[in-house]
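Engineer: Input file: final_29.cif. Contents: mmCIF, C-alpha atoms.
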data_coords
#
loop_
_atom_site.group_PDB
_atom_site.id
_atom_site.type_symbol
_atom_site.label_atom_id
_atom_site.label_comp_id
_atom_site.auth_asym_id
_atom_site.auth_seq_id
_atom_site.Cartn_x
_atom_site.Cartn_y
_atom_site.Cartn_z
ATOM 1 C CA MET A 518 -23.885 -76.993 -65.187
ATOM 2 C CA ALA A 519 -26.355 -74.724 -63.411
ATOM 3 C CA ARG A 520 -26.384 -71.084 -64.395
ATOM 4 C CA ARG A 521 -25.264 -68.549 -61.837
ATOM 5 C CA SER A 522 -28.159 -66.867 -60.030
ATOM 6 C CA GLU A 523 -28.529 -63.125 -60.512
ATOM 7 C CA GLY A 524 -28.404 -62.645 -56.746
ATOM 8 C CA GLN A 525 -25.114 -64.498 -56.378
ATOM 9 C CA THR A 526 -23.594 -62.536 -59.260
ATOM 10 C CA ARG A 527 -24.577 -59.273 -57.567
ATOM 11 C CA LEU A 528 -23.056 -60.408 -54.260
ATOM 12 C CA ASP A 529 -19.836 -61.291 -56.053
ATOM 13 C CA ASP A 530 -19.803 -57.820 -57.633
ATOM 14 C CA ALA A 531 -20.499 -56.274 -54.222
ATOM 15 C CA ALA A 532 -17.624 -58.254 -52.715
ATOM 16 C CA ARG A 533 -15.328 -57.068 -55.488
ATOM 17 C CA ALA A 534 -16.374 -53.443 -55.051
ATOM 18 C CA GLY A 535 -16.044 -53.708 -51.273
ATOM 19 C CA TRP A 536 -12.542 -55.146 -51.528
ATOM 20 C CA LEU A 537 -11.454 -52.446 -53.960
ATOM 21 C CA TYR A 538 -12.847 -49.681 -51.721
ATOM 22 C CA TYR A 539 -11.958 -50.866 -48.228
ATOM 23 C CA VAL A 540 -8.838 -52.982 -48.835
ATOM 24 C CA ALA A 541 -7.238 -51.642 -52.016
ATOM 25 C CA GLY A 542 -8.167 -48.028 -51.192
ATOM 26 C CA ARG A 543 -9.678 -47.280 -54.613
ATOM 27 C CA THR A 544 -12.073 -44.376 -55.110
ATOM 28 C CA GLN A 545 -15.587 -44.990 -56.382
ATOM 29 C CA ASP A 546 -14.598 -43.494 -59.742
ATOM 30 C CA GLU A 547 -11.669 -45.932 -59.964
ATOM 31 C CA ILE A 548 -13.934 -48.834 -58.978
ATOM 32 C CA ALA A 549 -16.421 -47.828 -61.670
ATOM 33 C CA ALA A 550 -13.662 -47.766 -64.306
ATOM 34 C CA ALA A 551 -12.192 -51.102 -63.166
ATOM 35 C CA MET A 552 -15.562 -52.865 -63.210
ATOM 36 C CA GLY A 553 -16.963 -51.158 -66.301
ATOM 37 C CA ILE A 554 -19.962 -49.683 -64.484
ATOM 38 C CA SER A 555 -21.249 -46.212 -63.581
ATOM 39 C CA ARG A 556 -20.093 -44.382 -60.468
ATOM 40 C CA GLN A 557 -23.609 -44.681 -59.043
ATOM 41 C CA SER A 558 -23.548 -48.460 -59.538
ATOM 42 C CA ALA A 559 -20.150 -48.654 -57.851
ATOM 43 C CA GLN A 560 -21.486 -46.683 -54.877
ATOM 44 C CA ARG A 561 -24.489 -49.006 -54.571
ATOM 45 C CA LEU A 562 -22.287 -52.106 -54.700
ATOM 46 C CA VAL A 563 -19.992 -50.761 -51.972
ATOM 47 C CA SER A 564 -23.051 -50.048 -49.836
ATOM 48 C CA LEU A 565 -24.419 -53.522 -50.542
ATOM 49 C CA SER A 566 -21.154 -55.117 -49.399
ATOM 50 C CA VAL A 567 -21.703 -53.460 -46.006
ATOM 51 C CA ALA A 568 -25.440 -54.177 -45.852
ATOM 52 C CA GLU A 569 -24.870 -57.876 -46.557
ATOM 53 C CA LYS A 570 -22.155 -57.971 -43.862
ATOM 54 C CA LEU A 571 -19.459 -58.897 -46.387
ATOM 55 C CA ILE A 572 -17.390 -56.099 -44.863
ATOM 56 C CA LYS A 573 -16.271 -56.204 -41.240
ATOM 57 C CA VAL A 574 -12.685 -55.523 -40.257
ATOM 58 C CA ARG A 575 -11.783 -57.579 -43.306
ATOM 59 C CA LEU A 576 -13.750 -58.778 -46.317
ATOM 60 C CA ASP A 577 -15.763 -61.772 -45.119
ATOM 61 C CA HIS A 578 -15.913 -63.486 -48.486
ATOM 62 C CA PRO A 579 -13.607 -66.038 -50.151
ATOM 63 C CA ILE A 580 -12.969 -63.611 -52.998
ATOM 64 C CA ALA A 581 -10.792 -61.460 -50.685
ATOM 65 C CA ALA A 582 -7.792 -63.828 -50.700
ATOM 66 C CA CYS A 583 -8.342 -64.453 -54.401
ATOM 67 C CA MET A 584 -8.197 -60.746 -55.195
ATOM 68 C CA GLU A 585 -4.932 -60.397 -53.301
ATOM 69 C CA LEU A 586 -3.501 -63.222 -55.412
ATOM 70 C CA ALA A 587 -4.826 -61.528 -58.552
ATOM 71 C CA GLU A 588 -3.109 -58.248 -57.686
ATOM 72 C CA ALA A 589 0.154 -60.095 -57.014
ATOM 73 C CA LEU A 590 -0.035 -61.834 -60.411
ATOM 74 C CA LYS A 591 -0.733 -58.539 -62.180
ATOM 75 C CA ASP A 592 2.287 -56.939 -60.548
ATOM 76 C CA LYS A 593 4.617 -59.883 -61.159
ATOM 77 C CA PHE A 594 3.800 -60.558 -64.798
ATOM 78 C CA GLY A 595 2.624 -57.128 -65.963
ATOM 79 C CA LEU A 596 -0.876 -58.360 -66.779
ATOM 80 C CA LYS A 597 -3.735 -55.997 -67.559
ATOM 81 C CA GLN A 598 -6.312 -57.895 -65.533
ATOM 82 C CA VAL A 599 -6.476 -61.100 -63.501
ATOM 83 C CA GLU A 600 -9.334 -62.997 -61.888
ATOM 84 C CA VAL A 601 -8.560 -65.740 -59.359
ATOM 85 C CA VAL A 602 -11.357 -68.024 -58.162
ATOM 86 C CA PRO A 603 -11.282 -70.401 -55.193
ATOM 87 C CA SER A 604 -9.892 -73.853 -55.999
ATOM 88 C CA ASP A 605 -12.815 -76.256 -55.892
ATOM 89 C CA GLY A 606 -10.901 -79.463 -55.176
ATOM 90 C CA GLY A 607 -13.271 -81.292 -57.471
ATOM 91 C CA GLY A 608 -10.696 -82.784 -59.792
ATOM 92 C CA ASP A 609 -7.890 -81.670 -62.031
ATOM 93 C CA SER A 610 -10.017 -81.033 -65.090
ATOM 94 C CA ALA A 611 -13.072 -79.331 -63.535
ATOM 95 C CA THR A 612 -13.897 -75.924 -64.984
ATOM 96 C CA VAL A 613 -16.300 -74.874 -62.216
ATOM 97 C CA GLY A 614 -15.441 -71.420 -60.924
ATOM 98 C CA VAL A 615 -13.269 -70.422 -63.858
ATOM 99 C CA ALA A 616 -16.252 -70.860 -66.190
ATOM 100 C CA GLU A 617 -18.483 -68.780 -63.923
ATOM 101 C CA ALA A 618 -15.877 -66.022 -63.610
ATOM 102 C CA GLY A 619 -15.311 -66.137 -67.370
ATOM 103 C CA ALA A 620 -19.025 -65.768 -68.034
ATOM 104 C CA ALA A 621 -19.240 -62.805 -65.649
ATOM 105 C CA GLU A 622 -16.285 -61.117 -67.349
ATOM 106 C CA LEU A 623 -17.689 -61.782 -70.818
ATOM 107 C CA GLU A 624 -21.058 -60.364 -69.752
ATOM 108 C CA ARG A 625 -19.366 -57.178 -68.538
ATOM 109 C CA TRP A 626 -17.992 -56.644 -72.039
ATOM 110 C CA LEU A 627 -21.262 -57.595 -73.719
ATOM 111 C CA LYS A 628 -23.206 -55.068 -71.632
ATOM 112 C CA GLN A 629 -21.166 -52.171 -72.995
ATOM 113 C CA SER A 630 -23.175 -49.975 -75.337
ATOM 114 C CA GLU A 631 -20.147 -49.085 -77.484
ATOM 115 C CA PRO A 632 -19.808 -51.535 -80.406
ATOM 116 C CA LEU A 633 -17.045 -54.076 -79.832
ATOM 117 C CA ILE A 634 -15.333 -56.837 -81.773
ATOM 118 C CA ILE A 635 -15.112 -59.867 -79.492
ATOM 119 C CA GLY A 636 -12.731 -62.650 -80.506
ATOM 120 C CA MET A 637 -13.401 -66.180 -79.275
ATOM 121 C CA GLY A 638 -11.106 -69.183 -79.143
ATOM 122 C CA THR A 639 -12.298 -72.725 -78.593
ATOM 123 C CA GLY A 640 -12.132 -75.539 -76.090
ATOM 124 C CA ARG A 641 -13.837 -77.152 -73.135
ATOM 125 C CA THR A 642 -13.416 -74.235 -70.755
ATOM 126 C CA LEU A 643 -14.876 -71.707 -73.185
ATOM 127 C CA ARG A 644 -17.740 -74.085 -73.922
ATOM 128 C CA ALA A 645 -18.487 -74.115 -70.178
ATOM 129 C CA VAL A 646 -18.296 -70.290 -70.131
ATOM 130 C CA ILE A 647 -20.922 -69.998 -72.866
ATOM 131 C CA ASP A 648 -23.171 -72.447 -71.014
ATOM 132 C CA GLN A 649 -23.133 -69.940 -68.123
ATOM 133 C CA LEU A 650 -24.056 -66.871 -70.190
ATOM 134 C CA SER A 651 -27.336 -65.151 -69.425
ATOM 135 C CA PRO A 652 -29.520 -64.531 -72.499
ATOM 136 C CA MET A 653 -29.222 -60.966 -73.783
ATOM 137 C CA GLU A 654 -29.575 -58.853 -76.905
ATOM 138 C CA CYS A 655 -26.255 -57.495 -78.195
ATOM 139 C CA PRO A 656 -26.741 -56.463 -81.840
ATOM 140 C CA GLN A 657 -24.126 -53.715 -81.472
ATOM 141 C CA HIS A 658 -21.243 -56.182 -81.099
ATOM 142 C CA LYS A 659 -19.525 -58.523 -83.548
ATOM 143 C CA ILE A 660 -18.334 -61.956 -82.459
ATOM 144 C CA VAL A 661 -15.543 -63.538 -84.467
ATOM 145 C CA SER A 662 -14.058 -67.013 -84.180
ATOM 146 C CA LEU A 663 -10.264 -67.208 -84.057
ATOM 147 C CA THR A 664 -10.236 -70.900 -84.900
ATOM 148 C CA GLY A 665 -11.631 -73.125 -87.598
ATOM 149 C CA ASN A 666 -14.971 -74.768 -86.911
ATOM 150 C CA ILE A 667 -14.369 -77.957 -88.902
ATOM 151 C CA SER A 668 -13.133 -81.196 -87.314
ATOM 152 C CA PRO A 669 -10.715 -83.556 -89.087
ATOM 153 C CA ASP A 670 -13.627 -85.759 -90.231
ATOM 154 C CA GLY A 671 -15.449 -82.798 -91.790
ATOM 155 C CA SER A 672 -18.036 -82.414 -89.023
ATOM 156 C CA ALA A 673 -18.599 -79.245 -87.013
ATOM 157 C CA ALA A 674 -16.022 -78.927 -84.242
ATOM 158 C CA TYR A 675 -17.876 -79.714 -81.002
ATOM 159 C CA PHE A 676 -15.961 -77.277 -78.793
ATOM 160 C CA ASN A 677 -16.144 -74.325 -81.188
ATOM 161 C CA VAL A 678 -18.316 -71.813 -79.306
ATOM 162 C CA ILE A 679 -19.155 -69.186 -81.909
ATOM 163 C CA PHE A 680 -22.629 -70.472 -82.812
ATOM 164 C CA SER A 681 -23.848 -71.225 -79.283
ATOM 165 C CA MET A 682 -22.583 -67.839 -78.074
ATOM 166 C CA ALA A 683 -24.244 -65.961 -80.912
ATOM 167 C CA ASP A 684 -27.493 -67.767 -80.157
ATOM 168 C CA ALA A 685 -27.274 -66.754 -76.483
ATOM 169 C CA VAL A 686 -26.533 -63.064 -77.022
ATOM 170 C CA LYS A 687 -28.164 -62.421 -80.399
ATOM 171 C CA ALA A 688 -25.112 -60.770 -81.945
ATOM 172 C CA PRO A 689 -23.721 -60.862 -85.502
ATOM 173 C CA HIS A 690 -21.119 -63.617 -85.678
ATOM 174 C CA PHE A 691 -18.326 -64.516 -88.043
ATOM 175 C CA PRO A 692 -17.236 -68.174 -88.034
ATOM 176 C CA MET A 693 -13.981 -69.422 -89.483
ATOM 177 C CA PRO A 694 -14.985 -71.969 -92.171
ATOM 178 C CA LEU A 695 -11.685 -73.853 -91.967
ATOM 179 C CA PRO A 696 -10.187 -76.807 -90.126
ATOM 180 C CA VAL A 697 -8.049 -76.052 -87.066
ATOM 181 C CA LEU A 698 -5.076 -77.673 -88.816
ATOM 182 C CA VAL A 699 -4.576 -78.184 -92.546
ATOM 183 C CA SER A 700 -2.156 -80.420 -94.441
ATOM 184 C CA SER A 701 0.505 -77.841 -95.317
ATOM 185 C CA ARG A 702 1.488 -74.196 -95.152
ATOM 186 C CA ALA A 703 0.638 -73.788 -98.842
ATOM 187 C CA GLU A 704 -2.890 -75.093 -98.256
ATOM 188 C CA ARG A 705 -3.283 -72.787 -95.247
ATOM 189 C CA ASP A 706 -2.235 -69.731 -97.242
ATOM 190 C CA LEU A 707 -4.569 -70.678 -100.082
ATOM 191 C CA LEU A 708 -7.559 -71.194 -97.800
ATOM 192 C CA ARG A 709 -6.910 -67.990 -95.866
ATOM 193 C CA SER A 710 -6.963 -65.965 -99.082
ATOM 194 C CA GLN A 711 -10.464 -67.104 -100.052
ATOM 195 C CA PRO A 712 -13.132 -64.331 -100.230
ATOM 196 C CA LEU A 713 -15.241 -65.942 -97.491
ATOM 197 C CA VAL A 714 -12.301 -66.273 -95.108
ATOM 198 C CA ALA A 715 -10.148 -63.169 -95.544
ATOM 199 C CA PRO A 716 -12.718 -60.717 -94.043
ATOM 200 C CA THR A 717 -13.034 -62.862 -90.896
ATOM 201 C CA ILE A 718 -9.253 -62.888 -90.467
ATOM 202 C CA GLU A 719 -9.114 -59.116 -90.834
ATOM 203 C CA LEU A 720 -11.958 -58.647 -88.358
ATOM 204 C CA GLY A 721 -10.343 -60.985 -85.816
ATOM 205 C CA SER A 722 -7.078 -59.065 -85.934
ATOM 206 C CA LYS A 723 -8.978 -55.965 -84.750
ATOM 207 C CA ALA A 724 -10.675 -57.592 -81.753
ATOM 208 C CA ASP A 725 -11.154 -55.291 -78.764
ATOM 209 C CA VAL A 726 -11.238 -58.243 -76.371
ATOM 210 C CA THR A 727 -10.422 -61.892 -76.919
ATOM 211 C CA PHE A 728 -11.231 -64.942 -74.804
ATOM 212 C CA VAL A 729 -9.050 -68.023 -75.298
ATOM 213 C CA GLY A 730 -8.483 -71.332 -73.586
ATOM 214 C CA ILE A 731 -4.928 -72.400 -72.742
ATOM 215 C CA GLY A 732 -4.267 -76.014 -73.634
ATOM 216 C CA HIS A 733 -1.557 -78.315 -72.338
ATOM 217 C CA MET A 734 0.545 -80.652 -74.452
ATOM 218 C CA GLY A 735 0.759 -84.370 -73.765
ATOM 219 C CA LEU A 736 -0.757 -87.693 -74.703
ATOM 220 C CA ASP A 737 -3.989 -86.576 -73.031
ATOM 221 C CA ALA A 738 -4.052 -83.154 -74.714
ATOM 222 C CA PRO A 739 -7.220 -82.009 -76.537
ATOM 223 C CA LEU A 740 -5.338 -81.570 -79.827
ATOM 224 C CA LEU A 741 -4.647 -85.315 -79.755
ATOM 225 C CA LEU A 742 -7.887 -86.540 -78.153
ATOM 226 C CA ASP A 743 -10.017 -84.556 -80.613
ATOM 227 C CA GLY A 744 -8.117 -85.900 -83.614
ATOM 228 C CA PHE A 745 -6.365 -82.739 -84.782
ATOM 229 C CA LEU A 746 -2.928 -84.309 -84.242
ATOM 230 C CA LYS A 747 -1.808 -87.911 -84.552
ATOM 231 C CA ARG A 748 0.147 -89.568 -81.754
ATOM 232 C CA PRO A 749 3.504 -89.525 -83.624
ATOM 233 C CA GLU A 750 3.044 -85.791 -84.271
ATOM 234 C CA MET A 751 2.335 -85.139 -80.596
ATOM 235 C CA GLU A 752 5.316 -87.223 -79.521
ATOM 236 C CA ALA A 753 7.552 -85.292 -81.924
ATOM 237 C CA LEU A 754 6.271 -81.986 -80.531
ATOM 238 C CA LEU A 755 6.892 -83.118 -76.971
ATOM 239 C CA GLY A 756 10.411 -84.057 -78.005
ATOM 240 C CA THR A 757 11.043 -80.474 -79.101
ATOM 241 C CA GLY A 758 9.763 -79.032 -75.809
ATOM 242 C CA ALA A 759 6.114 -78.293 -76.612
ATOM 243 C CA THR A 760 4.432 -77.067 -73.435
ATOM 244 C CA GLY A 761 1.129 -75.439 -74.339
ATOM 245 C CA GLU A 762 -1.103 -74.161 -77.097
ATOM 246 C CA ILE A 763 -3.651 -71.455 -77.754
ATOM 247 C CA CYS A 764 -6.001 -71.828 -80.733
ATOM 248 C CA GLY A 765 -3.658 -74.524 -82.053
ATOM 249 C CA TRP A 766 -0.502 -72.361 -81.883
ATOM 250 C CA VAL A 767 2.073 -74.447 -80.007
ATOM 251 C CA PHE A 768 4.712 -72.863 -77.755
ATOM 252 C CA GLY A 769 7.527 -74.018 -75.509
ATOM 253 C CA ALA A 770 8.239 -73.472 -71.824
ATOM 254 C CA ASP A 771 9.729 -70.046 -72.594
ATOM 255 C CA GLY A 772 6.485 -68.995 -74.274
ATOM 256 C CA ASN A 773 7.986 -68.738 -77.764
ATOM 257 C CA LEU A 774 6.122 -70.348 -80.651
ATOM 258 C CA LEU A 775 7.906 -73.487 -81.784
ATOM 259 C CA ASP A 776 9.671 -73.485 -85.119
ATOM 260 C CA ASP A 777 7.838 -76.639 -86.150
ATOM 261 C CA PRO A 778 5.884 -77.743 -89.242
ATOM 262 C CA VAL A 779 2.737 -78.090 -87.112
ATOM 263 C CA ASN A 780 2.635 -74.339 -86.492
ATOM 264 C CA GLU A 781 2.884 -73.780 -90.246
ATOM 265 C CA ARG A 782 -0.345 -75.765 -90.639
ATOM 266 C CA VAL A 783 -2.417 -73.825 -88.096
ATOM 267 C CA ALA A 784 -5.312 -72.115 -89.859
ATOM 268 C CA SER A 785 -6.378 -70.120 -86.795
ATOM 269 C CA ILE A 786 -6.118 -66.350 -86.739
ATOM 270 C CA SER A 787 -2.989 -65.101 -85.023
ATOM 271 C CA ILE A 788 -3.704 -63.977 -81.464
ATOM 272 C CA PRO A 789 -4.630 -60.263 -81.635
ATOM 273 C CA SER A 790 -2.010 -57.734 -80.559
ATOM 274 C CA ARG A 791 -1.820 -57.416 -76.792
ATOM 275 C CA GLU A 792 -0.926 -53.759 -77.328
ATOM 276 C CA SER A 793 -4.373 -52.939 -78.681
ATOM 277 C CA SER A 794 -6.536 -55.822 -77.420
ATOM 278 C CA THR A 795 -7.314 -57.394 -74.079
ATOM 279 C CA VAL A 796 -6.551 -61.108 -74.502
ATOM 280 C CA ILE A 797 -7.917 -63.141 -71.606
ATOM 281 C CA GLY A 798 -6.719 -66.707 -71.102
ATOM 282 C CA LEU A 799 -8.898 -69.101 -69.107
ATOM 283 C CA ALA A 800 -7.383 -72.234 -67.587
ATOM 284 C CA ARG A 801 -6.811 -74.064 -64.327
ATOM 285 C CA GLY A 802 -5.555 -77.401 -63.055
ATOM 286 C CA ARG A 803 -2.185 -78.947 -62.326
ATOM 287 C CA ARG A 804 -1.801 -80.520 -65.752
ATOM 288 C CA LYS A 805 -2.017 -77.013 -67.247
ATOM 289 C CA HIS A 806 0.320 -75.228 -64.831
ATOM 290 C CA ALA A 807 3.329 -75.250 -67.150
ATOM 291 C CA ALA A 808 1.219 -74.232 -70.160
ATOM 292 C CA ILE A 809 -0.392 -71.337 -68.273
ATOM 293 C CA ARG A 810 2.979 -70.089 -67.077
ATOM 294 C CA ALA A 811 4.413 -70.289 -70.601
ATOM 295 C CA ALA A 812 1.412 -68.414 -72.034
ATOM 296 C CA VAL A 813 1.840 -65.632 -69.476
ATOM 297 C CA VAL A 814 5.632 -65.409 -69.736
ATOM 298 C CA GLY A 815 5.453 -65.481 -73.539
ATOM 299 C CA GLY A 816 2.982 -62.597 -73.606
ATOM 300 C CA HIS A 817 0.314 -64.544 -75.480
ATOM 301 C CA VAL A 818 -2.255 -63.225 -73.007
ATOM 302 C CA ASN A 819 -2.438 -60.035 -70.966
ATOM 303 C CA GLY A 820 -5.395 -61.163 -68.898
ATOM 304 C CA LEU A 821 -5.924 -64.374 -66.939
ATOM 305 C CA ILE A 822 -8.785 -66.170 -65.221
ATOM 306 C CA THR A 823 -7.568 -69.083 -63.122
ATOM 307 C CA ASP A 824 -7.819 -70.630 -59.653
ATOM 308 C CA GLU A 825 -5.977 -70.215 -56.357
ATOM 309 C CA GLU A 826 -3.802 -73.288 -56.767
ATOM 310 C CA THR A 827 -2.563 -72.130 -60.154
ATOM 311 C CA ALA A 828 -2.033 -68.593 -58.838
ATOM 312 C CA HIS A 829 0.190 -69.898 -56.028
ATOM 313 C CA TYR A 830 2.150 -71.961 -58.562
ATOM 314 C CA LEU A 831 2.700 -68.950 -60.815
ATOM 315 C CA LEU A 832 3.788 -66.756 -57.928
ATOM 316 C CA LYS A 833 6.386 -69.330 -56.859
ATOM 317 C CA THR A 834 7.963 -69.432 -60.315
ATOM 318 C CA THR A 835 10.217 -66.812 -61.835
ATOM 319 C CA ALA A 836 8.640 -64.158 -64.048
ATOM 320 C CA ALA A 837 10.915 -65.069 -66.957
ATOM 321 C CA PRO A 838 12.725 -68.294 -67.905
#
Render the structure in this file as structure tokens.

Structural biologist:
Amino acid sequence: MARRSEGQTRLDDAARAGWLYYVAGRTQDEIAAAMGISRQSAQRLVSLSVAEKLIKVRLDHPIAACMELAEALKDKFGLKQVEVVPSDGGGDSATVGVAEAGAAELERWLKQSEPLIIGMGTGRTLRAVIDQLSPMECPQHKIVSLTGNISPDGSAAYFNVIFSMADAVKAPHFPMPLPVLVSSRAERDLLRSQPLVAPTIELGSKADVTFVGIGHMGLDAPLLLDGFLKRPEMEALLGTGATGEICGWVFGADGNLLDDPVNERVASISIPSRESSTVIGLARGRRKHAAIRAAVVGGHVNGLITDEETAHYLLKTTAAP
């Protein structure tokens, strides 16, 4: 996947600033706070949106309709932040758009001078996000993996992003030297208490921002395809109403974690508190609609990056089951 050009990224930022100023009626100080930039940068972006003719009577950029959808989702579900990208129509599993928006959001956090703890989940979408990252030097931040980086066969998990991200941004990183799923709760507790693991768990619980993929449940789900679950286990989970998962934690349509032995075997760090951390879920596609809704309704995420089609689906559903 080609990296986003710097010019296109700046136009997207200008479109965002222009929409916030001319449509949402935000002040330049409010725009600066929302975008994590200085007031002077916000002023320049608003001016650029006019100079590039993005602003006429309305915002002449596809992001305008997307931002209206994002505001509606924030209001309906009480989310801290939402990014909606145009649906690309390129297939149900394509991550184009969401990956680019995810990379832009991650870069905004990485560019902050204040030291941050950044938690990272795993999966295909996050792998695509990291592929989009621009190289940078971020020694002030700490990157921590929420999930194990060992596959069932003992090899490195292919879609664990901690190492490739750390290489791209040159930041200290803390992998989780465990499988995603272990054989029992007793084994999980034993492994988590090991001296090399416990500090990573503690660090992950204090993450300032967390990026996670939202997975669906089914016979084509990543947990099954990647060998973490066997088919009978997946079928049993589906029989109990499993709808989605984040970092291996399986939940039902109401967003509640299932009372199931599989969840007792998850070695991943618990999702950081949404009271103190921004937890951004990234997902799109019809097969994930139910899982995304459950993740939002269940409060597993307080931020969302998705596409127009998914946004329309979420807005048509009730806010609570």

Engineer: So what does the PyMOL selection byres ((chain A and resi 636-641) around 10) actually pick up in this one, as a ChimeraX atom specification?

Structural biologist: /A:610-612,616,633-635,642-646,659-666,674-679,682,690-692,720-732,739-740,763-765,785-786,788-789,794-798,800

Engineer: Mind listing as a PyMOL selection string all residues within 8 Å of (-0.3, -67.1, -52.1), counting only C-alpha atoms?

Structural biologist: chain A and resi 586+825+828-829+832

Engineer: Print the selection's residues with C-alpha atoms to a file, as a CSV table (one decimal), in the frame of the given file.

Structural biologist:
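Result file out_7.csv:
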chain,number,residue,atom,x,y,z
A,586,LEU,CA,-3.5,-63.2,-55.4
A,825,GLU,CA,-6.0,-70.2,-56.4
A,828,ALA,CA,-2.0,-68.6,-58.8
A,829,HIS,CA,0.2,-69.9,-56.0
A,832,LEU,CA,3.8,-66.8,-57.9

Engineer: What is the distance between CA of Leu754 in chain A and CA of Leu775 in chain A, in Å to one decimal?

Structural biologist: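 According to the coordinates, CA of Leu754 in chain A and CA of Leu775 in chain A are separated by 8.7 Å.
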
Engineer: CA of Pro749 in chain A and CA of Asp777 in chain A are how many Å apart?

Structural biologist: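 If I compute the distance from CA of Pro749 in chain A to CA of Asp777 in chain A, I get 13.8 Å.
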
Engineer: How far is it from CA of Gly553 in chain A to CA of Ala534 in chain A, in Å with one decimal?

Structural biologist: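 It comes out at 11.5 Å.
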
Engineer: For the structure provided, state which residues fall under the PyMOL selection byres ((chain A and resi 531) around 7), and present them as a VMD selection string.

Structural biologist: chain A and resid 527 to 530 532 to 535 562 to 563 565 to 566

Engineer: Can you take the partial range 644-656 of chain A, add N, CA, C and O atoms, and return it as a PDB file, keeping the file's coordinate frame?

Structural biologist:
ATOM      1  N   ARG A 644     -16.398 -73.499 -73.751  1.00  0.00           N
ATOM      2  CA  ARG A 644     -17.740 -74.085 -73.922  1.00  0.00           C
ATOM      3  C   ARG A 644     -18.521 -73.972 -72.604  1.00  0.00           C
ATOM      4  O   ARG A 644     -19.709 -73.625 -72.597  1.00  0.00           O
ATOM      5  N   ALA A 645     -17.841 -74.238 -71.483  1.00  0.00           N
ATOM      6  CA  ALA A 645     -18.487 -74.115 -70.178  1.00  0.00           C
ATOM      7  C   ALA A 645     -18.841 -72.666 -69.880  1.00  0.00           C
ATOM      8  O   ALA A 645     -19.870 -72.387 -69.242  1.00  0.00           O
ATOM      9  N   VAL A 646     -18.003 -71.717 -70.315  1.00  0.00           N
ATOM     10  CA  VAL A 646     -18.296 -70.290 -70.131  1.00  0.00           C
ATOM     11  C   VAL A 646     -19.596 -69.928 -70.841  1.00  0.00           C
ATOM     12  O   VAL A 646     -20.473 -69.263 -70.275  1.00  0.00           O
ATOM     13  N   ILE A 647     -19.729 -70.342 -72.087  1.00  0.00           N
ATOM     14  CA  ILE A 647     -20.922 -69.998 -72.866  1.00  0.00           C
ATOM     15  C   ILE A 647     -22.166 -70.622 -72.255  1.00  0.00           C
ATOM     16  O   ILE A 647     -23.251 -70.026 -72.270  1.00  0.00           O
ATOM     17  N   ASP A 648     -22.028 -71.809 -71.679  1.00  0.00           N
ATOM     18  CA  ASP A 648     -23.171 -72.447 -71.014  1.00  0.00           C
ATOM     19  C   ASP A 648     -23.664 -71.623 -69.833  1.00  0.00           C
ATOM     20  O   ASP A 648     -24.814 -71.754 -69.415  1.00  0.00           O
ATOM     21  N   GLN A 649     -22.785 -70.770 -69.279  1.00  0.00           N
ATOM     22  CA  GLN A 649     -23.133 -69.940 -68.123  1.00  0.00           C
ATOM     23  C   GLN A 649     -23.700 -68.578 -68.503  1.00  0.00           C
ATOM     24  O   GLN A 649     -24.203 -67.856 -67.642  1.00  0.00           O
ATOM     25  N   LEU A 650     -23.617 -68.205 -69.773  1.00  0.00           N
ATOM     26  CA  LEU A 650     -24.056 -66.871 -70.190  1.00  0.00           C
ATOM     27  C   LEU A 650     -25.559 -66.681 -69.990  1.00  0.00           C
ATOM     28  O   LEU A 650     -26.356 -67.576 -70.283  1.00  0.00           O
ATOM     29  N   SER A 651     -25.924 -65.511 -69.515  1.00  0.00           N
ATOM     30  CA  SER A 651     -27.336 -65.151 -69.425  1.00  0.00           C
ATOM     31  C   SER A 651     -27.804 -64.678 -70.799  1.00  0.00           C
ATOM     32  O   SER A 651     -27.061 -63.985 -71.501  1.00  0.00           O
ATOM     33  N   PRO A 652     -29.010 -65.013 -71.211  1.00  0.00           N
ATOM     34  CA  PRO A 652     -29.520 -64.531 -72.499  1.00  0.00           C
ATOM     35  C   PRO A 652     -29.574 -63.006 -72.520  1.00  0.00           C
ATOM     36  O   PRO A 652     -29.958 -62.379 -71.541  1.00  0.00           O
ATOM     37  N   MET A 653     -29.168 -62.422 -73.630  1.00  0.00           N
ATOM     38  CA  MET A 653     -29.222 -60.966 -73.783  1.00  0.00           C
ATOM     39  C   MET A 653     -29.224 -60.598 -75.260  1.00  0.00           C
ATOM     40  O   MET A 653     -28.977 -61.452 -76.116  1.00  0.00           O
ATOM     41  N   GLU A 654     -29.536 -59.356 -75.531  1.00  0.00           N
ATOM     42  CA  GLU A 654     -29.575 -58.853 -76.905  1.00  0.00           C
ATOM     43  C   GLU A 654     -28.387 -57.915 -77.108  1.00  0.00           C
ATOM     44  O   GLU A 654     -28.310 -56.863 -76.476  1.00  0.00           O
ATOM     45  N   CYS A 655     -27.474 -58.291 -77.979  1.00  0.00           N
ATOM     46  CA  CYS A 655     -26.255 -57.495 -78.195  1.00  0.00           C
ATOM     47  C   CYS A 655     -25.999 -57.264 -79.682  1.00  0.00           C
ATOM     48  O   CYS A 655     -24.935 -57.632 -80.207  1.00  0.00           O
ATOM     49  N   PRO A 656     -26.930 -56.650 -80.398  1.00  0.00           N
ATOM     50  CA  PRO A 656     -26.741 -56.463 -81.840  1.00  0.00           C
ATOM     51  C   PRO A 656     -25.632 -55.486 -82.186  1.00  0.00           C
ATOM     52  O   PRO A 656     -25.193 -55.433 -83.341  1.00  0.00           O
TER      53      PRO A 656
END
